[in-house]
file entry.csv (CSV, C-alpha atoms)
chain,number,residue,atom,x,y,z
A,1,MET,CA,-16.4,34.9,-20.1
A,2,HIS,CA,-16.0,31.4,-18.8
A,3,ALA,CA,-13.6,32.1,-15.9
A,4,ASN,CA,-15.9,30.2,-13.5
A,5,SER,CA,-16.3,27.1,-15.7
A,6,PRO,CA,-15.7,24.0,-13.6
A,7,ILE,CA,-13.5,22.7,-16.4
A,8,LEU,CA,-11.0,25.6,-15.8
A,9,GLN,CA,-10.8,25.1,-12.0
A,10,PRO,CA,-7.9,23.3,-10.2
A,11,VAL,CA,-8.4,19.6,-9.7
A,12,THR,CA,-6.4,16.7,-8.1
A,13,ILE,CA,-6.3,13.2,-9.6
A,14,GLY,CA,-4.5,10.7,-7.5
A,15,SER,CA,-1.5,12.6,-6.1
A,16,LEU,CA,-1.3,14.9,-9.1
A,17,SER,CA,-2.5,18.5,-8.6
A,18,LEU,CA,-3.5,20.1,-11.9
A,19,LYS,CA,-4.4,23.8,-12.8
A,20,ASN,CA,-7.5,22.7,-14.6
A,21,ARG,CA,-9.3,19.7,-16.3
A,22,ILE,CA,-7.9,20.4,-19.8
A,23,VAL,CA,-5.2,18.0,-21.1
A,24,MET,CA,-3.1,18.8,-24.1
A,25,ALA,CA,-3.5,15.7,-26.2
A,26,PRO,CA,-0.5,13.9,-27.7
A,27,MET,CA,0.0,15.1,-31.3
A,28,THR,CA,2.7,13.9,-33.6
A,29,ARG,CA,4.3,17.0,-35.2
A,30,SER,CA,7.3,15.4,-36.9
A,31,ARG,CA,9.9,18.0,-35.9
A,32,SER,CA,12.6,15.8,-34.5
A,33,ASP,CA,15.8,14.9,-36.4
A,34,GLU,CA,16.5,11.5,-38.0
A,35,ALA,CA,18.1,10.4,-34.7
A,36,GLY,CA,14.8,11.0,-32.9
A,37,VAL,CA,16.1,14.0,-31.0
A,38,PRO,CA,13.5,16.7,-30.4
A,39,PRO,CA,14.6,20.1,-31.6
A,40,ASP,CA,15.7,23.0,-29.3
A,41,TYR,CA,12.4,24.8,-30.1
A,42,ALA,CA,10.4,21.9,-28.7
A,43,ALA,CA,11.0,23.3,-25.3
A,44,ALA,CA,9.4,26.6,-26.3
A,45,TYR,CA,6.5,24.8,-28.0
A,46,TYR,CA,5.6,22.8,-24.9
A,47,ALA,CA,6.3,25.6,-22.4
A,48,GLN,CA,4.0,27.9,-24.3
A,49,ARG,CA,1.2,25.4,-23.7
A,50,ALA,CA,1.9,24.8,-20.0
A,51,GLY,CA,-1.4,26.5,-19.1
A,52,ALA,CA,-3.0,23.1,-19.7
A,53,GLY,CA,-3.7,21.1,-16.6
A,54,LEU,CA,-1.6,18.3,-18.0
A,55,ILE,CA,0.5,18.0,-21.2
A,56,VAL,CA,0.9,14.6,-22.8
A,57,THR,CA,3.8,14.7,-25.3
A,58,GLU,CA,3.7,13.6,-28.9
A,59,ALA,CA,4.0,9.8,-29.2
A,60,THR,CA,7.6,8.9,-28.5
A,61,ASN,CA,9.4,5.8,-29.7
A,62,ILE,CA,10.7,3.5,-27.0
A,63,SER,CA,13.3,2.0,-29.3
A,64,ALA,CA,14.6,2.0,-32.9
A,65,GLN,CA,12.4,-1.0,-33.6
A,66,ALA,CA,9.3,1.0,-32.4
A,67,ARG,CA,9.5,3.7,-35.2
A,68,GLY,CA,6.8,4.0,-37.8
A,69,TYR,CA,7.2,7.5,-39.2
A,70,PRO,CA,10.0,9.9,-40.0
A,71,ARG,CA,11.1,12.7,-37.7
A,72,THR,CA,9.3,11.3,-34.6
A,73,PRO,CA,11.1,11.6,-31.3
A,74,GLY,CA,12.6,8.8,-29.2
A,75,ILE,CA,13.5,8.1,-25.6
A,76,TRP,CA,16.2,5.4,-25.9
A,77,THR,CA,19.4,7.4,-26.3
A,78,GLU,CA,21.2,9.8,-24.1
A,79,GLU,CA,20.9,12.6,-26.7
A,80,GLN,CA,17.1,12.1,-26.7
A,81,VAL,CA,16.9,12.1,-22.9
A,82,ALA,CA,19.0,15.3,-22.8
A,83,ALA,CA,16.7,17.1,-25.3
A,84,TRP,CA,13.6,16.0,-23.4
A,85,ARG,CA,15.2,17.4,-20.2
A,86,HIS,CA,15.2,20.9,-21.8
A,87,VAL,CA,11.5,20.4,-22.5
A,88,THR,CA,10.5,19.3,-19.0
A,89,ASP,CA,12.6,22.1,-17.4
A,90,ALA,CA,10.9,24.7,-19.6
A,91,VAL,CA,7.4,23.3,-18.8
A,92,HIS,CA,8.1,23.2,-15.0
A,93,GLN,CA,9.4,26.8,-15.1
A,94,ARG,CA,5.9,27.7,-16.1
A,95,ASP,CA,4.4,25.5,-13.4
A,96,GLY,CA,3.1,22.9,-15.9
A,97,LYS,CA,2.8,19.2,-15.6
A,98,ILE,CA,4.0,16.9,-18.5
A,99,PHE,CA,3.8,13.2,-19.2
A,100,LEU,CA,5.7,11.3,-21.9
A,101,GLN,CA,3.7,9.0,-24.2
A,102,LEU,CA,5.5,5.7,-24.7
A,103,TRP,CA,5.0,4.3,-28.3
A,104,HIS,CA,5.7,1.3,-30.4
A,105,THR,CA,4.0,1.4,-33.8
A,106,GLY,CA,4.3,-2.4,-34.5
A,107,ARG,CA,2.9,-3.2,-38.0
A,108,MET,CA,2.1,0.5,-38.6
A,109,SER,CA,5.5,1.1,-40.1
A,110,HIS,CA,7.6,0.4,-43.2
A,111,PRO,CA,10.9,-1.2,-44.1
A,112,ASP,CA,12.2,2.3,-45.0
A,113,MET,CA,12.2,3.0,-41.3
A,114,HIS,CA,14.2,-0.2,-40.5
A,115,ASN,CA,17.0,-0.3,-43.1
A,116,GLY,CA,14.9,-2.7,-45.2
A,117,GLY,CA,13.8,-4.9,-42.4
A,118,LEU,CA,10.2,-5.8,-41.8
A,119,PRO,CA,8.1,-4.1,-39.1
A,120,VAL,CA,7.0,-6.4,-36.3
A,121,ALA,CA,3.5,-7.4,-35.1
A,122,PRO,CA,1.7,-10.1,-33.2
A,123,SER,CA,0.8,-11.8,-36.5
A,124,ALA,CA,1.9,-11.4,-40.1
A,125,ILE,CA,-1.2,-9.5,-41.2
A,126,LYS,CA,-0.9,-6.5,-43.5
A,127,PRO,CA,-2.6,-3.3,-42.7
A,128,GLU,CA,-4.8,-1.6,-45.3
A,129,GLY,CA,-3.7,1.5,-47.1
A,130,GLN,CA,-0.5,3.5,-47.2
A,131,ILE,CA,2.0,5.1,-44.8
A,132,ARG,CA,4.1,8.2,-45.1
A,133,VAL,CA,7.8,7.7,-45.2
A,134,GLN,CA,10.7,10.0,-46.1
A,135,ASP,CA,10.0,10.2,-49.8
A,136,GLY,CA,6.2,10.2,-49.7
A,137,MET,CA,3.4,7.6,-49.4
A,138,LYS,CA,4.0,3.9,-49.8
A,139,ASP,CA,1.9,0.8,-49.4
A,140,PHE,CA,2.0,-1.0,-46.1
A,141,VAL,CA,3.8,-4.3,-46.1
A,142,THR,CA,3.1,-7.6,-44.4
A,143,PRO,CA,4.9,-7.4,-41.0
A,144,ARG,CA,7.0,-10.1,-39.4
A,145,ALA,CA,5.2,-12.0,-36.6
A,146,LEU,CA,7.1,-11.6,-33.3
A,147,GLU,CA,8.5,-14.8,-31.7
A,148,ALA,CA,7.4,-15.3,-28.1
A,149,GLY,CA,11.0,-15.2,-27.1
A,150,GLU,CA,11.3,-11.6,-28.4
A,151,LEU,CA,8.5,-10.2,-26.2
A,152,PRO,CA,10.4,-10.0,-22.9
A,153,GLY,CA,13.0,-7.8,-24.8
A,154,ILE,CA,10.2,-5.4,-25.9
A,155,VAL,CA,8.9,-5.3,-22.3
A,156,GLU,CA,12.4,-4.3,-21.2
A,157,ASP,CA,12.4,-1.6,-23.9
A,158,TYR,CA,9.3,-0.1,-22.3
A,159,ARG,CA,10.9,-0.4,-18.9
A,160,ARG,CA,14.0,1.4,-20.1
A,161,ALA,CA,12.0,4.1,-21.8
A,162,ALA,CA,10.1,4.6,-18.6
A,163,GLU,CA,13.3,4.9,-16.7
A,164,ASN,CA,14.7,7.4,-19.2
A,165,ALA,CA,11.5,9.4,-19.0
A,166,LYS,CA,12.1,9.7,-15.3
A,167,ARG,CA,15.7,10.8,-15.8
A,168,ALA,CA,14.4,13.4,-18.3
A,169,GLY,CA,12.3,15.0,-15.6
A,170,PHE,CA,8.8,14.0,-16.7
A,171,ASP,CA,5.9,14.0,-14.1
A,172,GLY,CA,4.7,10.6,-15.3
A,173,VAL,CA,4.1,8.5,-18.5
A,174,GLU,CA,1.3,7.5,-20.7
A,175,VAL,CA,1.4,4.1,-22.3
A,176,HIS,CA,0.1,4.3,-25.9
A,177,ALA,CA,-2.2,1.4,-26.4
A,178,ALA,CA,-4.5,3.0,-29.0
A,179,ASN,CA,-4.8,3.7,-32.8
A,180,ASN,CA,-3.9,0.2,-33.8
A,181,TYR,CA,-0.3,0.4,-32.7
A,182,LEU,CA,1.6,-2.6,-31.2
A,183,LEU,CA,-0.2,-3.0,-27.9
A,184,GLU,CA,-3.7,-2.7,-29.5
A,185,GLN,CA,-2.6,-5.1,-32.2
A,186,PHE,CA,-2.2,-7.7,-29.5
A,187,VAL,CA,-5.5,-6.8,-27.9
A,188,ARG,CA,-7.7,-7.1,-31.1
A,189,ASP,CA,-8.7,-10.5,-32.4
A,190,SER,CA,-8.5,-9.2,-36.0
A,191,THR,CA,-4.8,-8.4,-35.7
A,192,ASN,CA,-3.7,-11.1,-33.3
A,193,HIS,CA,-4.0,-14.6,-34.7
A,194,ARG,CA,-1.3,-16.2,-32.5
A,195,ILE,CA,-1.8,-19.7,-31.1
A,196,ASP,CA,0.7,-19.4,-28.2
A,197,GLU,CA,0.1,-17.9,-24.8
A,198,TYR,CA,-0.1,-14.4,-26.3
A,199,GLY,CA,-3.0,-15.1,-28.6
A,200,GLY,CA,-6.4,-16.9,-28.9
A,201,SER,CA,-8.3,-16.3,-25.7
A,202,LEU,CA,-9.0,-12.8,-24.5
A,203,GLU,CA,-6.9,-13.4,-21.5
A,204,ASN,CA,-4.0,-14.4,-23.7
A,205,ARG,CA,-4.4,-11.4,-26.0
A,206,LEU,CA,-4.2,-9.0,-23.0
A,207,ARG,CA,-1.2,-10.8,-21.6
A,208,PHE,CA,1.5,-8.8,-23.4
A,209,PRO,CA,0.0,-5.3,-23.0
A,210,LEU,CA,-0.5,-6.0,-19.3
A,211,GLU,CA,3.1,-7.2,-19.0
A,212,VAL,CA,4.2,-3.8,-20.5
A,213,VAL,CA,2.0,-1.8,-18.2
A,214,ARG,CA,3.3,-3.7,-15.1
A,215,ALA,CA,6.9,-3.0,-16.2
A,216,VAL,CA,6.2,0.7,-16.5
A,217,VAL,CA,4.4,0.7,-13.2
A,218,ASP,CA,7.4,-0.9,-11.6
A,219,VAL,CA,9.4,2.2,-12.6
A,220,TRP,CA,6.9,4.9,-11.9
A,221,GLY,CA,4.3,3.6,-9.5
A,222,ALA,CA,0.8,3.2,-10.7
A,223,ASP,CA,-0.2,6.7,-9.6
A,224,ARG,CA,2.0,8.3,-12.3
A,225,VAL,CA,1.1,6.0,-15.1
A,226,GLY,CA,-1.8,6.5,-17.5
A,227,ILE,CA,-2.8,4.6,-20.7
A,228,ARG,CA,-4.5,5.6,-23.9
A,229,ILE,CA,-7.0,3.3,-25.6
A,230,SER,CA,-9.2,3.6,-28.6
A,231,PRO,CA,-12.0,1.0,-28.5
A,232,VAL,CA,-13.9,2.4,-31.6
A,233,THR,CA,-10.9,3.0,-33.9
A,234,THR,CA,-11.2,1.5,-37.4
A,235,ALA,CA,-7.7,2.3,-38.5
A,236,PRO,CA,-6.3,1.1,-40.7
A,237,GLY,CA,-9.3,0.5,-43.0
A,238,ASN,CA,-12.9,1.0,-42.3
A,239,THR,CA,-13.9,-2.4,-40.7
A,240,PRO,CA,-14.3,-3.2,-37.0
A,241,LEU,CA,-11.1,-4.5,-35.5
A,242,ASP,CA,-12.6,-6.7,-32.9
A,243,SER,CA,-15.4,-9.2,-33.0
A,244,ASN,CA,-16.8,-8.1,-29.6
A,245,THR,CA,-15.3,-4.8,-28.8
A,246,MET,CA,-17.2,-4.1,-25.5
A,247,VAL,CA,-16.2,-7.5,-24.0
A,248,THR,CA,-12.6,-7.0,-25.1
A,249,PHE,CA,-12.2,-3.5,-23.8
A,250,GLY,CA,-14.3,-4.1,-20.7
A,251,ALA,CA,-11.9,-6.9,-19.7
A,252,PHE,CA,-8.9,-4.7,-20.6
A,253,VAL,CA,-10.2,-1.8,-18.5
A,254,ASP,CA,-11.0,-4.1,-15.6
A,255,ALA,CA,-7.4,-5.4,-15.6
A,256,LEU,CA,-6.0,-1.8,-15.9
A,257,SER,CA,-8.2,-0.7,-13.0
A,258,ALA,CA,-6.9,-3.6,-10.9
A,259,LEU,CA,-3.3,-2.3,-11.4
A,260,GLY,CA,-4.3,1.0,-9.9
A,261,LEU,CA,-3.4,3.2,-12.9
A,262,LEU,CA,-3.8,7.0,-12.5
A,263,TYR,CA,-6.0,7.3,-15.6
A,264,ILE,CA,-7.3,5.9,-18.8
A,265,HIS,CA,-7.4,8.2,-21.8
A,266,ASP,CA,-10.1,7.2,-24.1
A,267,ILE,CA,-10.4,8.2,-27.8
A,268,GLU,CA,-14.2,8.2,-28.0
A,269,GLY,CA,-14.7,8.5,-31.8
A,270,VAL,CA,-17.2,11.2,-32.8
A,271,THR,CA,-18.1,12.1,-29.2
A,272,GLN,CA,-21.1,14.2,-30.2
A,273,LEU,CA,-23.0,11.2,-31.6
A,274,SER,CA,-23.5,9.3,-28.4
A,275,ARG,CA,-21.6,8.0,-25.4
A,276,GLU,CA,-23.7,4.9,-25.4
A,277,ALA,CA,-24.0,3.5,-28.9
A,278,THR,CA,-20.8,3.8,-30.8
A,279,ASP,CA,-20.1,0.4,-32.4
A,280,GLY,CA,-21.6,-1.3,-29.3
A,281,ILE,CA,-19.2,0.5,-26.9
A,282,SER,CA,-20.6,2.4,-23.9
A,283,PHE,CA,-18.0,4.9,-22.8
A,284,THR,CA,-20.0,5.5,-19.6
A,285,ALA,CA,-19.8,1.8,-18.8
A,286,LEU,CA,-16.0,1.7,-19.4
A,287,ARG,CA,-15.6,4.8,-17.2
A,288,GLU,CA,-17.6,3.1,-14.4
A,289,ARG,CA,-15.4,0.0,-14.6
A,290,PHE,CA,-12.3,2.0,-14.0
A,291,ASN,CA,-11.4,3.2,-10.4
A,292,GLY,CA,-9.0,6.0,-11.5
A,293,ALA,CA,-9.5,9.1,-13.5
A,294,TYR,CA,-11.1,9.1,-17.0
A,295,ILE,CA,-9.8,11.4,-19.7
A,296,ALA,CA,-12.3,11.9,-22.5
A,297,ASN,CA,-11.0,12.8,-26.0
A,298,ASN,CA,-12.4,13.7,-29.4
A,299,GLN,CA,-13.6,17.1,-30.5
A,300,TYR,CA,-14.6,18.3,-27.1
A,301,THR,CA,-15.6,21.9,-26.8
A,302,LEU,CA,-15.8,23.7,-23.4
A,303,ALA,CA,-19.6,23.4,-23.4
A,304,LEU,CA,-19.5,19.7,-24.2
A,305,ALA,CA,-16.9,19.1,-21.5
A,306,GLU,CA,-19.0,20.9,-19.0
A,307,GLN,CA,-22.0,18.8,-19.9
A,308,THR,CA,-20.0,15.6,-19.7
A,309,LEU,CA,-18.5,16.5,-16.3
A,310,ALA,CA,-21.9,17.4,-14.9
A,311,ALA,CA,-23.2,14.0,-16.0
A,312,GLY,CA,-20.2,12.4,-14.1
A,313,ASP,CA,-19.0,10.8,-17.4
A,314,ALA,CA,-15.4,12.1,-17.3
A,315,ASP,CA,-12.8,13.8,-15.1
A,316,LEU,CA,-10.5,15.4,-17.6
A,317,PHE,CA,-10.8,16.4,-21.3
A,318,SER,CA,-8.0,16.2,-23.8
A,319,ILE,CA,-7.9,18.7,-26.7
A,320,GLY,CA,-5.5,18.4,-29.6
A,321,ARG,CA,-5.7,20.6,-32.7
A,322,PRO,CA,-6.9,23.8,-31.0
A,323,PHE,CA,-3.6,23.8,-29.1
A,324,ILE,CA,-1.5,23.9,-32.3
A,325,ALA,CA,-2.4,27.6,-33.2
A,326,ASN,CA,-3.4,28.7,-29.7
A,327,PRO,CA,-0.5,28.3,-27.2
A,328,ASP,CA,-2.6,30.2,-24.7
A,329,LEU,CA,-5.7,28.1,-25.3
A,330,ILE,CA,-6.7,28.1,-21.6
A,331,GLU,CA,-6.7,31.9,-21.4
A,332,ARG,CA,-8.8,32.0,-24.6
A,333,LEU,CA,-11.3,29.6,-23.2
A,334,ARG,CA,-11.4,31.5,-19.9
A,335,THR,CA,-12.0,34.9,-21.7
A,336,GLY,CA,-14.1,33.7,-24.6
A,337,ALA,CA,-11.5,35.0,-27.1
A,338,PRO,CA,-11.6,33.6,-30.6
A,339,LEU,CA,-9.4,30.7,-31.5
A,340,ALA,CA,-6.9,30.8,-34.3
A,341,GLU,CA,-6.7,27.9,-36.8
A,342,ALA,CA,-3.5,26.2,-38.1
A,343,PRO,CA,-3.3,25.4,-41.8
A,344,LYS,CA,-2.8,21.7,-42.3
A,345,GLU,CA,0.6,22.3,-43.9
A,346,TYR,CA,1.9,23.2,-40.5
A,347,TRP,CA,0.7,20.1,-38.7
A,348,TYR,CA,3.5,17.7,-39.7
A,349,GLY,CA,7.2,18.4,-40.5
A,350,GLY,CA,9.0,21.6,-41.1
A,351,ASP,CA,10.7,23.8,-38.5
A,352,ALA,CA,9.7,26.2,-35.8
A,353,THR,CA,7.3,28.0,-38.3
A,354,GLY,CA,3.7,26.9,-37.5
A,355,TYR,CA,5.0,25.1,-34.4
A,356,SER,CA,6.5,27.3,-31.7
A,357,ASP,CA,5.9,30.7,-33.3
A,358,TRP,CA,2.1,31.2,-32.8
A,359,PRO,CA,1.4,34.4,-31.0
A,360,GLY,CA,-0.7,34.5,-27.9
A,361,LEU,CA,-3.5,37.0,-27.3
A,362,HIS,CA,-0.9,39.5,-26.0
A,363,GLY,CA,1.8,38.9,-28.6
A,364,ARG,CA,4.7,36.4,-28.2
call {"tool": "encode", "arguments": {"input": "entry.csv", "output": "C-alpha cells"}}
result
Amino acid sequence: MHANSPILQPVTIGSLSLKNRIVMAPMTRSRSDEAGVPPDYAAAYYAQRAGAGLIVTEATNISAQARGYPRTPGIWTEEQVAAWRHVTDAVHQRDGKIFLQLWHTGRMSHPDMHNGGLPVAPSAIKPEGQIRVQDGMKDFVTPRALEAGELPGIVEDYRRAAENAKRAGFDGVEVHAANNYLLEQFVRDSTNHRIDEYGGSLENRLRFPLEVVRAVVDVWGADRVGIRISPVTTAPGNTPLDSNTMVTFGAFVDALSALGLLYIHDIEGVTQLSREATDGISFTALRERFNGAYIANNQYTLALAEQTLAAGDADLFSIGRPFIANPDLIERLRTGAPLAEAPKEYWYGGDATGYSDWPGLHGR
C-alpha cells in the first residue's frame, strides 16, 4: 500500500491545483483520421486516465505543414477543435486537468505527408534513418531550409493553435521543443547551420523557439504554458546533436525561466544512470536554473519518484507506457496492485482495441 506516498498527494504548481504529482506523458497513438480529427473514443481514453494529476495529450500538429506521421491529430481546423472539445469535457467531468501539446515535426517528416512537397527545417540537413508513412518505412529526405520571411507565419500557426486549444477547453498547453522536432532543430548547432539572425550564435539559435513561446504565452498567460525539452536526445542517429549541450540548454532554460513559464518537462534519458553525468548534462543544475515547476520524465517508478522528490530534484513526474494498459494507474500505484502491460502492436494505429478498452481493477 502506497496511499501515503507524497507523490500521490495533492499539489499546487502556479495556479494549477492537481490531484497528485503524476503526469500522464504525451504519447503518440496514431488513432486520428487522415484529416487529423481525434476519434470519438479518444474522449473515453483520456477520461479513463483522469486520475493523473495532469494529462498532457499526444503531440498535436499546429498546421498541415507541421505533420510528420500518419493519423496524428491536429488543432488547426474547426472539426479538430470540436473533437478535442469532447475530450476536454470528458476529462473535466472526472475532475481531471489536461494540457494540449503543440507540435511541429520540421524535418522529421516525409514528402508523402505533404503531397510530394519537402518537409521544412532550419537548414537543409537530412536526418539519419527512416520514418513511418502510410505504406511503411521510408528513408528520410533532405528538408527544405525555411526562409526567414516564413518564420513569422509559423509563429502565427502556433498562436492560432494555442487559441484553438483554449476554445477546445484545455487547461493549458505544452510547447513541444524536444525529440529533434522543429523547435529543437533550431536550438541545436548540428541541425541549425543558418547564417541569418536565426542561426550561428546561441542567442540567434534560440530566437525562433522563444518567439514561439512568447506567442503562446500571449494567448494563455505564462502560468498555463509548459514546455518539453530533451537535452540528451540523440535522435535521429546516435551522435550528440549539440557541441556544448549544457551551455545550450542552460541558456535556453534561463530564457524560459525569465518568461515565467509554469513548468519545463525534461526527458532525462536513462534516468536511473545519473542525474549529473549524462552527456555532460546536469538535470539538477537545469532544475535549479528554472523558477517554475520541473517535470522529470523517463522510466520513473513510484520509488524513484519518491527518492527524486525527497532530494528536491523534481516537482512532478511524467509516466508514459504504464498508462497505456492501466487506465487506473494511480489507483494501482496507491494500492500496490500489479500493472498490466500493453503488447507493442497496440501502441500505434488501429482502433479502440488496445486503446480505450483496457479494464480497470474493478472492470470497465
call {"tool": "atom_distance", "arguments": {"input": "entry.csv", "atom1": "CA of Asp313 (chain A)", "atom2": "CA of Thr105 (chain A)"}}
result
29.8 Å
call {"tool": "closest_atom_pairs", "arguments": {"input": "entry.csv", "of": "region 37-144 of chain A", "to": "region 224-230 of chain A", "cutoff": "12 Å", "atoms": "all atoms listed in the file", "output": "Markdown table"}}
result
| residue | atom | partner | partner_atom | distance |
| --- | --- | --- | --- | --- |
| A:Leu54 | CA | A:Gly226 | CA | 11.8 |
| A:Val56 | CA | A:Gly226 | CA | 10.0 |
| A:Ala59 | CA | A:Arg228 | CA | 10.9 |
| A:Lys97 | CA | A:Arg224 | CA | 11.4 |
| A:Ile98 | CA | A:Arg224 | CA | 10.8 |
| A:Phe99 | CA | A:Arg224 | CA | 8.7 |
| A:Leu100 | CA | A:Val225 | CA | 9.8 |
| A:Gln101 | CA | A:Ile227 | CA | 8.6 |
| A:Leu102 | CA | A:Ile227 | CA | 9.3 |
| A:Trp103 | CA | A:Arg228 | CA | 10.5 |
call {"tool": "atom_distance", "arguments": {"input": "entry.csv", "atom1": "CA of Gly96 (chain A)", "atom2": "CA of Pro322 (chain A)"}}
result
18.1 Å
call {"tool": "residues_around", "arguments": {"input": "entry.csv", "residues": "region 43-53 of chain A", "least_positions_apart": "6", "cutoff": "10 Å", "atoms": "all atoms listed in the file", "output": "count of residues only"}}
result
51
call {"tool": "residues_around", "arguments": {"input": "entry.csv", "residues": "region 142-153 of chain A", "least_positions_apart": "6", "cutoff": "8 Å", "atoms": "only C-alpha atoms", "output": "PyMOL selection string"}}
result
chain A and resi 107+118-127+196+198+208
call {"tool": "atom_distance", "arguments": {"input": "entry.csv", "atom1": "CA of Ala296 (chain A)", "atom2": "CA of Val173 (chain A)"}}
result
17.2 Å
call {"tool": "closest_residue", "arguments": {"input": "entry.csv", "among": "A:Ala305, A:Val175, A:Ala258, A:Val217", "to": "Ser5 (chain A)", "atoms": "all atoms listed in the file"}}
result
A:Ala305
call {"tool": "closest_residue", "arguments": {"input": "entry.csv", "among": "A:Val141, A:Leu259, A:Ala314, A:Leu304", "to": "Phe283 (chain A)", "atoms": "only C-alpha atoms"}}
result
A:Ala314
call {"tool": "closest_residue", "arguments": {"input": "entry.csv", "among": "A:Asn291, A:Thr245, A:Thr284, A:Thr301", "to": "Leu261 (chain A)", "atoms": "all atoms listed in the file"}}
result
A:Asn291
call {"tool": "closest_residue", "arguments": {"input": "entry.csv", "among": "A:Ala177, A:Met113, A:Ile281, A:Ile62", "to": "Gly269 (chain A)", "atoms": "only C-alpha atoms"}}
result
A:Ile281
call {"tool": "closest_residue", "arguments": {"input": "entry.csv", "among": "A:Arg188, A:Arg167, A:Arg71, A:Lys138", "to": "Phe252 (chain A)", "atoms": "all atoms listed in the file"}}
result
A:Arg188
call {"tool": "residues_around", "arguments": {"input": "entry.csv", "residues": "Asp112 (chain A)", "least_positions_apart": "2", "cutoff": "12 Å", "atoms": "only C-alpha atoms", "output": "list in words"}}
result
Gln65, Arg67, Gly68, Tyr69, Pro70, Ser109, His110, His114, Asn115, Gly116, Gly117, Leu118, Pro119, Ile131, Arg132, Val133, Gln134, Asp135, Gly136, Met137, Lys138, Asp139, Phe140 and Val141 of chain A
call {"tool": "residues_around", "arguments": {"input": "entry.csv", "residues": "Ala35 (chain A)", "least_positions_apart": "2", "cutoff": "8 Å", "atoms": "all atoms listed in the file", "output": "VMD selection string"}}
result
chain A and resid 32 to 33 37 71 73 to 74
call {"tool": "build_atoms", "arguments": {"input": "entry.csv", "residues": "region 24-42 of chain A", "atoms": "N, CA and C atoms", "output": "compact mmCIF listing (two decimals), in the frame of the given file"}}
result
# COMPACT_ATOMS: atom_id res chain seq x y z
N MET A 24 -3.59 18.70 -22.75
CA MET A 24 -3.10 18.80 -24.10
C MET A 24 -2.86 17.44 -24.64
N ALA A 25 -3.62 17.05 -25.65
CA ALA A 25 -3.50 15.70 -26.20
C ALA A 25 -2.23 15.46 -26.91
N PRO A 26 -1.75 14.22 -26.94
CA PRO A 26 -0.50 13.90 -27.70
C PRO A 26 -0.78 14.13 -29.19
N MET A 27 0.13 14.87 -29.84
CA MET A 27 0.00 15.10 -31.30
C MET A 27 1.36 15.01 -31.95
N THR A 28 1.46 14.05 -32.83
CA THR A 28 2.70 13.90 -33.60
C THR A 28 2.84 15.14 -34.51
N ARG A 29 4.04 15.77 -34.42
CA ARG A 29 4.30 17.00 -35.20
C ARG A 29 5.51 16.84 -36.13
N SER A 30 6.25 15.74 -36.00
CA SER A 30 7.30 15.40 -36.90
C SER A 30 8.36 16.53 -37.07
N ARG A 31 8.87 16.99 -35.94
CA ARG A 31 9.90 18.00 -35.90
C ARG A 31 11.25 17.50 -35.44
N SER A 32 11.33 16.27 -35.00
CA SER A 32 12.60 15.80 -34.50
C SER A 32 13.56 15.46 -35.64
N ASP A 33 14.85 15.27 -35.30
CA ASP A 33 15.80 14.90 -36.40
C ASP A 33 15.73 13.41 -36.62
N GLU A 34 16.53 12.95 -37.57
CA GLU A 34 16.50 11.50 -38.00
C GLU A 34 16.97 10.61 -36.88
N ALA A 35 17.67 11.16 -35.88
CA ALA A 35 18.10 10.40 -34.70
C ALA A 35 17.05 10.35 -33.63
N GLY A 36 15.89 10.95 -33.91
CA GLY A 36 14.80 11.00 -32.90
C GLY A 36 15.03 11.94 -31.78
N VAL A 37 15.87 12.96 -32.00
CA VAL A 37 16.10 14.00 -31.00
C VAL A 37 15.22 15.16 -31.19
N PRO A 38 14.39 15.52 -30.21
CA PRO A 38 13.50 16.70 -30.40
C PRO A 38 14.38 17.96 -30.56
N PRO A 39 13.87 18.93 -31.32
CA PRO A 39 14.60 20.10 -31.60
C PRO A 39 14.66 21.07 -30.36
N ASP A 40 15.60 22.03 -30.38
CA ASP A 40 15.70 23.00 -29.30
C ASP A 40 14.36 23.73 -29.07
N TYR A 41 13.66 24.04 -30.19
CA TYR A 41 12.40 24.80 -30.10
C TYR A 41 11.25 24.02 -29.57
N ALA A 42 11.43 22.71 -29.36
CA ALA A 42 10.40 21.90 -28.70
C ALA A 42 10.13 22.39 -27.29
